[in-house]
$ cat query-v6.pdb   # PDB, C-alpha atoms
MODEL        1
ATOM      1  CA  MET A   1     126.088 111.017 102.050  1.00  0.00           C
ATOM      2  CA  SER A   2     124.828 109.802 105.396  1.00  0.00           C
ATOM      3  CA  TYR A   3     124.592 106.081 106.105  1.00  0.00           C
ATOM      4  CA  ILE A   4     120.777 106.171 106.176  1.00  0.00           C
ATOM      5  CA  LYS A   5     120.542 108.013 102.838  1.00  0.00           C
ATOM      6  CA  HIS A   6     123.066 105.601 101.330  1.00  0.00           C
ATOM      7  CA  LYS A   7     121.111 102.551 102.511  1.00  0.00           C
ATOM      8  CA  SER A   8     117.873 104.076 101.223  1.00  0.00           C
ATOM      9  CA  LYS A   9     119.430 104.704  97.789  1.00  0.00           C
ATOM     10  CA  GLU A  10     120.835 101.174  97.747  1.00  0.00           C
ATOM     11  CA  SER A  11     117.401  99.765  98.588  1.00  0.00           C
ATOM     12  CA  VAL A  12     115.722 101.748  95.788  1.00  0.00           C
ATOM     13  CA  GLU A  13     118.379 100.552  93.349  1.00  0.00           C
ATOM     14  CA  ASP A  14     117.920  96.930  94.422  1.00  0.00           C
ATOM     15  CA  TYR A  15     114.156  97.117  93.934  1.00  0.00           C
ATOM     16  CA  LEU A  16     114.399  98.819  90.538  1.00  0.00           C
ATOM     17  CA  GLU A  17     117.057  96.390  89.325  1.00  0.00           C
ATOM     18  CA  THR A  18     114.982  93.430  90.515  1.00  0.00           C
ATOM     19  CA  ILE A  19     111.868  94.689  88.725  1.00  0.00           C
ATOM     20  CA  LEU A  20     113.862  95.119  85.498  1.00  0.00           C
ATOM     21  CA  MET A  21     115.299  91.604  85.761  1.00  0.00           C
ATOM     22  CA  LEU A  22     111.876  90.117  86.523  1.00  0.00           C
ATOM     23  CA  GLU A  23     110.384  91.909  83.498  1.00  0.00           C
ATOM     24  CA  LYS A  24     112.814  89.948  81.330  1.00  0.00           C
ATOM     25  CA  ARG A  25     111.667  86.609  82.789  1.00  0.00           C
ATOM     26  CA  LEU A  26     107.974  87.059  83.535  1.00  0.00           C
ATOM     27  CA  PRO A  27     104.963  88.246  81.538  1.00  0.00           C
ATOM     28  CA  TYR A  28     104.253  90.779  84.319  1.00  0.00           C
ATOM     29  CA  VAL A  29     105.729  91.677  87.694  1.00  0.00           C
ATOM     30  CA  ARG A  30     103.767  91.635  90.946  1.00  0.00           C
ATOM     31  CA  SER A  31     104.809  92.479  94.495  1.00  0.00           C
ATOM     32  CA  ILE A  32     104.843  88.792  95.401  1.00  0.00           C
ATOM     33  CA  ASP A  33     107.354  88.125  92.595  1.00  0.00           C
ATOM     34  CA  ILE A  34     109.659  90.796  94.009  1.00  0.00           C
ATOM     35  CA  ALA A  35     109.225  89.406  97.533  1.00  0.00           C
ATOM     36  CA  HIS A  36     110.216  85.928  96.359  1.00  0.00           C
ATOM     37  CA  GLU A  37     113.156  87.193  94.309  1.00  0.00           C
ATOM     38  CA  LEU A  38     114.615  89.272  97.139  1.00  0.00           C
ATOM     39  CA  ASP A  39     113.450  86.966  99.953  1.00  0.00           C
ATOM     40  CA  TYR A  40     111.598  89.862 101.598  1.00  0.00           C
ATOM     41  CA  SER A  41     108.195  89.792 103.240  1.00  0.00           C
ATOM     42  CA  LYS A  42     105.191  90.760 101.122  1.00  0.00           C
ATOM     43  CA  PRO A  43     104.300  93.642 103.495  1.00  0.00           C
ATOM     44  CA  SER A  44     107.840  95.057 103.206  1.00  0.00           C
ATOM     45  CA  VAL A  45     107.655  94.962  99.418  1.00  0.00           C
ATOM     46  CA  SER A  46     104.188  96.553  99.454  1.00  0.00           C
ATOM     47  CA  VAL A  47     105.515  99.484 101.491  1.00  0.00           C
ATOM     48  CA  ALA A  48     108.508  99.818  99.178  1.00  0.00           C
ATOM     49  CA  MET A  49     106.277  99.779  96.077  1.00  0.00           C
ATOM     50  CA  ARG A  50     104.103 102.510  97.564  1.00  0.00           C
ATOM     51  CA  ASN A  51     107.223 104.597  98.198  1.00  0.00           C
ATOM     52  CA  LEU A  52     108.555 103.945  94.699  1.00  0.00           C
ATOM     53  CA  ARG A  53     105.180 104.962  93.204  1.00  0.00           C
ATOM     54  CA  GLU A  54     105.190 108.165  95.252  1.00  0.00           C
ATOM     55  CA  GLN A  55     108.737 108.934  94.038  1.00  0.00           C
ATOM     56  CA  GLY A  56     107.705 108.325  90.424  1.00  0.00           C
ATOM     57  CA  TYR A  57     109.852 105.250  89.753  1.00  0.00           C
ATOM     58  CA  VAL A  58     107.060 102.699  89.267  1.00  0.00           C
ATOM     59  CA  ASP A  59     103.407 102.530  88.323  1.00  0.00           C
ATOM     60  CA  MET A  60     100.919  99.832  89.234  1.00  0.00           C
ATOM     61  CA  ASP A  61      97.919  98.927  87.102  1.00  0.00           C
ATOM     62  CA  ASP A  62      94.484  97.782  88.277  1.00  0.00           C
ATOM     63  CA  TYR A  63      95.685  94.143  88.281  1.00  0.00           C
ATOM     64  CA  GLY A  64      98.607  94.865  90.617  1.00  0.00           C
ATOM     65  CA  HIS A  65     101.163  94.597  87.826  1.00  0.00           C
ATOM     66  CA  ILE A  66     104.192  96.767  88.462  1.00  0.00           C
ATOM     67  CA  HIS A  67     105.762  98.780  85.644  1.00  0.00           C
ATOM     68  CA  LEU A  68     108.888 100.914  85.722  1.00  0.00           C
ATOM     69  CA  THR A  69     108.387 104.539  84.712  1.00  0.00           C
ATOM     70  CA  ASP A  70     110.852 106.051  82.258  1.00  0.00           C
ATOM     71  CA  ILE A  71     112.969 107.460  85.085  1.00  0.00           C
ATOM     72  CA  GLY A  72     112.740 104.201  87.038  1.00  0.00           C
ATOM     73  CA  ARG A  73     113.724 102.177  83.973  1.00  0.00           C
ATOM     74  CA  SER A  74     116.673 104.469  83.260  1.00  0.00           C
ATOM     75  CA  TRP A  75     117.976 104.109  86.810  1.00  0.00           C
ATOM     76  CA  ALA A  76     117.382 100.337  86.812  1.00  0.00           C
ATOM     77  CA  LYS A  77     119.287  99.928  83.531  1.00  0.00           C
ATOM     78  CA  SER A  78     122.198 101.906  84.940  1.00  0.00           C
ATOM     79  CA  VAL A  79     122.371  99.712  88.050  1.00  0.00           C
ATOM     80  CA  LEU A  80     122.010  96.519  86.012  1.00  0.00           C
ATOM     81  CA  GLU A  81     124.774  97.621  83.642  1.00  0.00           C
ATOM     82  CA  ARG A  82     127.082  98.154  86.611  1.00  0.00           C
ATOM     83  CA  HIS A  83     126.124  94.790  88.073  1.00  0.00           C
ATOM     84  CA  GLU A  84     126.637  92.842  84.859  1.00  0.00           C
ATOM     85  CA  LEU A  85     129.927  94.519  83.937  1.00  0.00           C
ATOM     86  CA  LEU A  86     131.393  94.179  87.429  1.00  0.00           C
ATOM     87  CA  THR A  87     130.282  90.539  87.673  1.00  0.00           C
ATOM     88  CA  GLU A  88     131.842  89.685  84.314  1.00  0.00           C
ATOM     89  CA  TRP A  89     135.064  91.467  85.239  1.00  0.00           C
ATOM     90  CA  LEU A  90     135.360  89.746  88.625  1.00  0.00           C
ATOM     91  CA  ILE A  91     134.786  86.342  87.020  1.00  0.00           C
ATOM     92  CA  LYS A  92     137.525  87.115  84.453  1.00  0.00           C
ATOM     93  CA  LEU A  93     139.805  87.933  87.395  1.00  0.00           C
ATOM     94  CA  GLY A  94     139.164  84.427  88.744  1.00  0.00           C
ATOM     95  CA  VAL A  95     136.460  85.101  91.322  1.00  0.00           C
ATOM     96  CA  GLU A  96     133.906  82.292  91.617  1.00  0.00           C
ATOM     97  CA  LYS A  97     130.593  83.210  89.921  1.00  0.00           C
ATOM     98  CA  THR A  98     128.401  83.352  93.038  1.00  0.00           C
ATOM     99  CA  MET A  99     130.942  85.449  94.942  1.00  0.00           C
ATOM    100  CA  ALA A 100     131.460  87.694  91.879  1.00  0.00           C
ATOM    101  CA  GLU A 101     127.709  88.359  91.704  1.00  0.00           C
ATOM    102  CA  GLU A 102     127.506  89.105  95.440  1.00  0.00           C
ATOM    103  CA  ASP A 103     130.514  91.423  95.339  1.00  0.00           C
ATOM    104  CA  ALA A 104     129.257  93.163  92.191  1.00  0.00           C
ATOM    105  CA  CYS A 105     125.975  93.826  93.992  1.00  0.00           C
ATOM    106  CA  ARG A 106     127.836  95.574  96.797  1.00  0.00           C
ATOM    107  CA  LEU A 107     130.181  97.478  94.473  1.00  0.00           C
ATOM    108  CA  GLU A 108     127.474  98.692  92.076  1.00  0.00           C
ATOM    109  CA  HIS A 109     126.008 100.942  94.763  1.00  0.00           C
ATOM    110  CA  ASP A 110     129.200 102.384  96.160  1.00  0.00           C
ATOM    111  CA  MET A 111     131.095 103.995  93.314  1.00  0.00           C
ATOM    112  CA  SER A 112     130.619 107.340  91.658  1.00  0.00           C
ATOM    113  CA  ASP A 113     129.519 107.683  88.054  1.00  0.00           C
ATOM    114  CA  GLU A 114     132.987 109.029  87.244  1.00  0.00           C
ATOM    115  CA  THR A 115     134.734 106.006  88.774  1.00  0.00           C
ATOM    116  CA  PHE A 116     132.371 103.598  87.043  1.00  0.00           C
ATOM    117  CA  ALA A 117     132.915 105.279  83.663  1.00  0.00           C
ATOM    118  CA  ALA A 118     136.701 105.023  84.068  1.00  0.00           C
ATOM    119  CA  LEU A 119     136.476 101.421  85.248  1.00  0.00           C
ATOM    120  CA  LYS A 120     134.081 100.524  82.434  1.00  0.00           C
ATOM    121  CA  LYS A 121     136.445 102.023  79.858  1.00  0.00           C
ATOM    122  CA  HIS A 122     139.373 100.068  81.289  1.00  0.00           C
ATOM    123  CA  ILE A 123     137.426  96.805  81.537  1.00  0.00           C
ATOM    124  CA  LEU A 124     136.090  97.032  77.971  1.00  0.00           C
ATOM    125  CA  GLU A 125     139.597  97.718  76.677  1.00  0.00           C
ATOM    126  CA  THR A 126     141.004  94.662  78.447  1.00  0.00           C
ATOM    127  CA  LEU A 127     138.214  92.098  78.019  1.00  0.00           C
TER     128      LEU A 127
ENDMDL
END
$ encode --input "query-v6.pdb" --output "structure tokens"
Amino acid sequence: MSYIKHKSKESVEDYLETILMLEKRLPYVRSIDIAHELDYSKPSVSVAMRNLREQGYVDMDDYGHIHLTDIGRSWAKSVLERHELLTEWLIKLGVEKTMAEEDACRLEHDMSDETFAALKKHILETL
């Protein structure tokens, strides 16, 4: 995968994961909520949301509330599962919580499904 395609995929995953996490904390998710959460500009998030709508990962209602589509939700849950499991594992290994979360965020995007499945199996057996 080229660097640009990889970064694009990582960006999509970050947005979808953020929307899923915000849904758990807020009654509804708006672009401004995503901008604040990721510390991105509102115009950048607006462009990203348009792209995610065009790709079928999110919908937006008449009030500007953002909703994950079924495919978007599935992908977001997969990324969040990776993030949470890797964070927990790194903390168990003795990594400080903030660093574990940052490293998990980098790792979650860079491993194959096969590697994650093997790692998940190992982690769950040892936790």
$ resolve_selection --input "query-v6.pdb" --expression "the PyMOL selection byres ((chain A and resi 12) around 10)" --output "PyMOL selection string"
chain A and resi 6-11+13-18+48-49+51-52+57+72+75-76
$ atom_distance --input "query-v6.pdb" --atom1 "atom CA of Ile32 of chain A" --atom2 "atom CA of Arg50 of chain A"
13.9 Å
$ atom_distance --input "query-v6.pdb" --atom1 "atom CA of Asp61 of chain A" --atom2 "atom CA of Ser41 of chain A"
21.2 Å
$ residues_around --input "query-v6.pdb" --residues "Arg53 of chain A" --least-positions-apart "5" --cutoff "10 Å" --atoms "only C-alpha atoms" --output "NGL selection string"
:A and (47-48 or 58-60 or 66-69 or 72)
$ resolve_selection --input "query-v6.pdb" --expression "the PyMOL selection byres ((chain A and resi 34) around 8)" --output "number ranges by chain"
A: 15, 18-19, 22, 29-33, 35-38, 40, 45
$ atom_distance --input "query-v6.pdb" --atom1 "atom CA of Phe116 of chain A" --atom2 "atom CA of Asp39 of chain A"
28.3 Å
$ resolve_selection --input "query-v6.pdb" --expression "the PyMOL selection byres ((chain A and resi 101) around 10)" --output "VMD selection string"
chain A and resid 83 to 84 86 to 88 90 to 91 95 to 100 102 to 107
$ axis_aligned_box --input "query-v6.pdb" --around "segment 79-93 of chain A" --padding-each-side "6 Å" --output "AutoDock Vina command-line options"
--center_x 130.9 --center_y 93.0 --center_z 86.1 --size_x 29.8 --size_y 25.4 --size_z 17.0
$ closest_residue --input "query-v6.pdb" --among "A:Leu93, A:Leu20, A:Leu26, A:Ala118" --to "Ser78 of chain A" --atoms "all atoms listed in the file"
A:Leu20
$ residues_around --input "query-v6.pdb" --residues "Lys120 of chain A" --least-positions-apart "3" --cutoff "10 Å" --atoms "all atoms listed in the file" --output "mmCIF file with C-alpha atoms, in the coordinates of the input"
data_model
loop_
_atom_site.group_PDB
_atom_site.id
_atom_site.type_symbol
_atom_site.label_atom_id
_atom_site.label_comp_id
_atom_site.auth_asym_id
_atom_site.auth_seq_id
_atom_site.Cartn_x
_atom_site.Cartn_y
_atom_site.Cartn_z
ATOM 1 C CA GLU A 81 124.774 97.621 83.642
ATOM 2 C CA ARG A 82 127.082 98.154 86.611
ATOM 3 C CA LEU A 85 129.927 94.519 83.937
ATOM 4 C CA LEU A 86 131.393 94.179 87.429
ATOM 5 C CA TRP A 89 135.064 91.467 85.239
ATOM 6 C CA GLU A 114 132.987 109.029 87.244
ATOM 7 C CA THR A 115 134.734 106.006 88.774
ATOM 8 C CA PHE A 116 132.371 103.598 87.043
ATOM 9 C CA ALA A 117 132.915 105.279 83.663
ATOM 10 C CA ILE A 123 137.426 96.805 81.537
ATOM 11 C CA LEU A 124 136.090 97.032 77.971
ATOM 12 C CA GLU A 125 139.597 97.718 76.677
ATOM 13 C CA THR A 126 141.004 94.662 78.447
#
$ build_atoms --input "query-v6.pdb" --residues "segment 48-69 of chain A" --atoms "N, CA and C atoms" --output "PDB file, in the coordinates of the input"
ATOM      1  N   ALA A  48     107.495  99.317 100.111  1.00  0.00           N
ATOM      2  CA  ALA A  48     108.508  99.818  99.178  1.00  0.00           C
ATOM      3  C   ALA A  48     107.871 100.228  97.854  1.00  0.00           C
ATOM      4  N   MET A  49     106.918  99.440  97.349  1.00  0.00           N
ATOM      5  CA  MET A  49     106.277  99.779  96.077  1.00  0.00           C
ATOM      6  C   MET A  49     105.465 101.062  96.203  1.00  0.00           C
ATOM      7  N   ARG A  50     104.824 101.254  97.348  1.00  0.00           N
ATOM      8  CA  ARG A  50     104.103 102.510  97.564  1.00  0.00           C
ATOM      9  C   ARG A  50     105.080 103.691  97.522  1.00  0.00           C
ATOM     10  N   ASN A  51     106.212 103.539  98.189  1.00  0.00           N
ATOM     11  CA  ASN A  51     107.223 104.597  98.198  1.00  0.00           C
ATOM     12  C   ASN A  51     107.783 104.849  96.801  1.00  0.00           C
ATOM     13  N   LEU A  52     108.031 103.790  96.060  1.00  0.00           N
ATOM     14  CA  LEU A  52     108.555 103.945  94.699  1.00  0.00           C
ATOM     15  C   LEU A  52     107.529 104.597  93.774  1.00  0.00           C
ATOM     16  N   ARG A  53     106.238 104.294  93.978  1.00  0.00           N
ATOM     17  CA  ARG A  53     105.180 104.962  93.204  1.00  0.00           C
ATOM     18  C   ARG A  53     105.155 106.441  93.537  1.00  0.00           C
ATOM     19  N   GLU A  54     105.224 106.767  94.823  1.00  0.00           N
ATOM     20  CA  GLU A  54     105.190 108.165  95.252  1.00  0.00           C
ATOM     21  C   GLU A  54     106.393 108.947  94.722  1.00  0.00           C
ATOM     22  N   GLN A  55     107.524 108.285  94.549  1.00  0.00           N
ATOM     23  CA  GLN A  55     108.737 108.934  94.038  1.00  0.00           C
ATOM     24  C   GLN A  55     108.773 108.962  92.511  1.00  0.00           C
ATOM     25  N   GLY A  56     107.791 108.298  91.878  1.00  0.00           N
ATOM     26  CA  GLY A  56     107.705 108.325  90.424  1.00  0.00           C
ATOM     27  C   GLY A  56     108.544 107.302  89.693  1.00  0.00           C
ATOM     28  N   TYR A  57     108.995 106.258  90.391  1.00  0.00           N
ATOM     29  CA  TYR A  57     109.852 105.250  89.753  1.00  0.00           C
ATOM     30  C   TYR A  57     109.075 104.058  89.207  1.00  0.00           C
ATOM     31  N   VAL A  58     107.884 103.803  89.754  1.00  0.00           N
ATOM     32  CA  VAL A  58     107.060 102.699  89.267  1.00  0.00           C
ATOM     33  C   VAL A  58     105.596 103.136  89.204  1.00  0.00           C
ATOM     34  N   ASP A  59     104.859 102.420  88.379  1.00  0.00           N
ATOM     35  CA  ASP A  59     103.407 102.530  88.323  1.00  0.00           C
ATOM     36  C   ASP A  59     102.839 101.149  88.590  1.00  0.00           C
ATOM     37  N   MET A  60     101.593 101.106  89.031  1.00  0.00           N
ATOM     38  CA  MET A  60     100.919  99.832  89.234  1.00  0.00           C
ATOM     39  C   MET A  60      99.548  99.922  88.572  1.00  0.00           C
ATOM     40  N   ASP A  61      99.218  98.901  87.767  1.00  0.00           N
ATOM     41  CA  ASP A  61      97.919  98.927  87.102  1.00  0.00           C
ATOM     42  C   ASP A  61      96.841  98.328  88.003  1.00  0.00           C
ATOM     43  N   ASP A  62      95.622  98.268  87.492  1.00  0.00           N
ATOM     44  CA  ASP A  62      94.484  97.782  88.277  1.00  0.00           C
ATOM     45  C   ASP A  62      94.609  96.313  88.670  1.00  0.00           C
ATOM     46  N   TYR A  63      95.483  95.564  87.987  1.00  0.00           N
ATOM     47  CA  TYR A  63      95.685  94.143  88.281  1.00  0.00           C
ATOM     48  C   TYR A  63      96.837  93.909  89.261  1.00  0.00           C
ATOM     49  N   GLY A  64      97.473  94.996  89.706  1.00  0.00           N
ATOM     50  CA  GLY A  64      98.607  94.865  90.617  1.00  0.00           C
ATOM     51  C   GLY A  64      99.921  94.603  89.912  1.00  0.00           C
ATOM     52  N   HIS A  65      99.931  94.780  88.592  1.00  0.00           N
ATOM     53  CA  HIS A  65     101.163  94.597  87.826  1.00  0.00           C
ATOM     54  C   HIS A  65     102.012  95.853  87.934  1.00  0.00           C
ATOM     55  N   ILE A  66     103.275  95.658  88.230  1.00  0.00           N
ATOM     56  CA  ILE A  66     104.192  96.767  88.462  1.00  0.00           C
ATOM     57  C   ILE A  66     104.970  97.059  87.187  1.00  0.00           C
ATOM     58  N   HIS A  67     105.056  98.341  86.850  1.00  0.00           N
ATOM     59  CA  HIS A  67     105.762  98.780  85.644  1.00  0.00           C
ATOM     60  C   HIS A  67     106.733  99.896  86.025  1.00  0.00           C
ATOM     61  N   LEU A  68     107.931  99.834  85.504  1.00  0.00           N
ATOM     62  CA  LEU A  68     108.888 100.914  85.722  1.00  0.00           C
ATOM     63  C   LEU A  68     108.479 102.125  84.894  1.00  0.00           C
ATOM     64  N   THR A  69     108.581 103.308  85.483  1.00  0.00           N
ATOM     65  CA  THR A  69     108.387 104.539  84.712  1.00  0.00           C
ATOM     66  C   THR A  69     109.668 104.774  83.903  1.00  0.00           C
TER      67      THR A  69
END
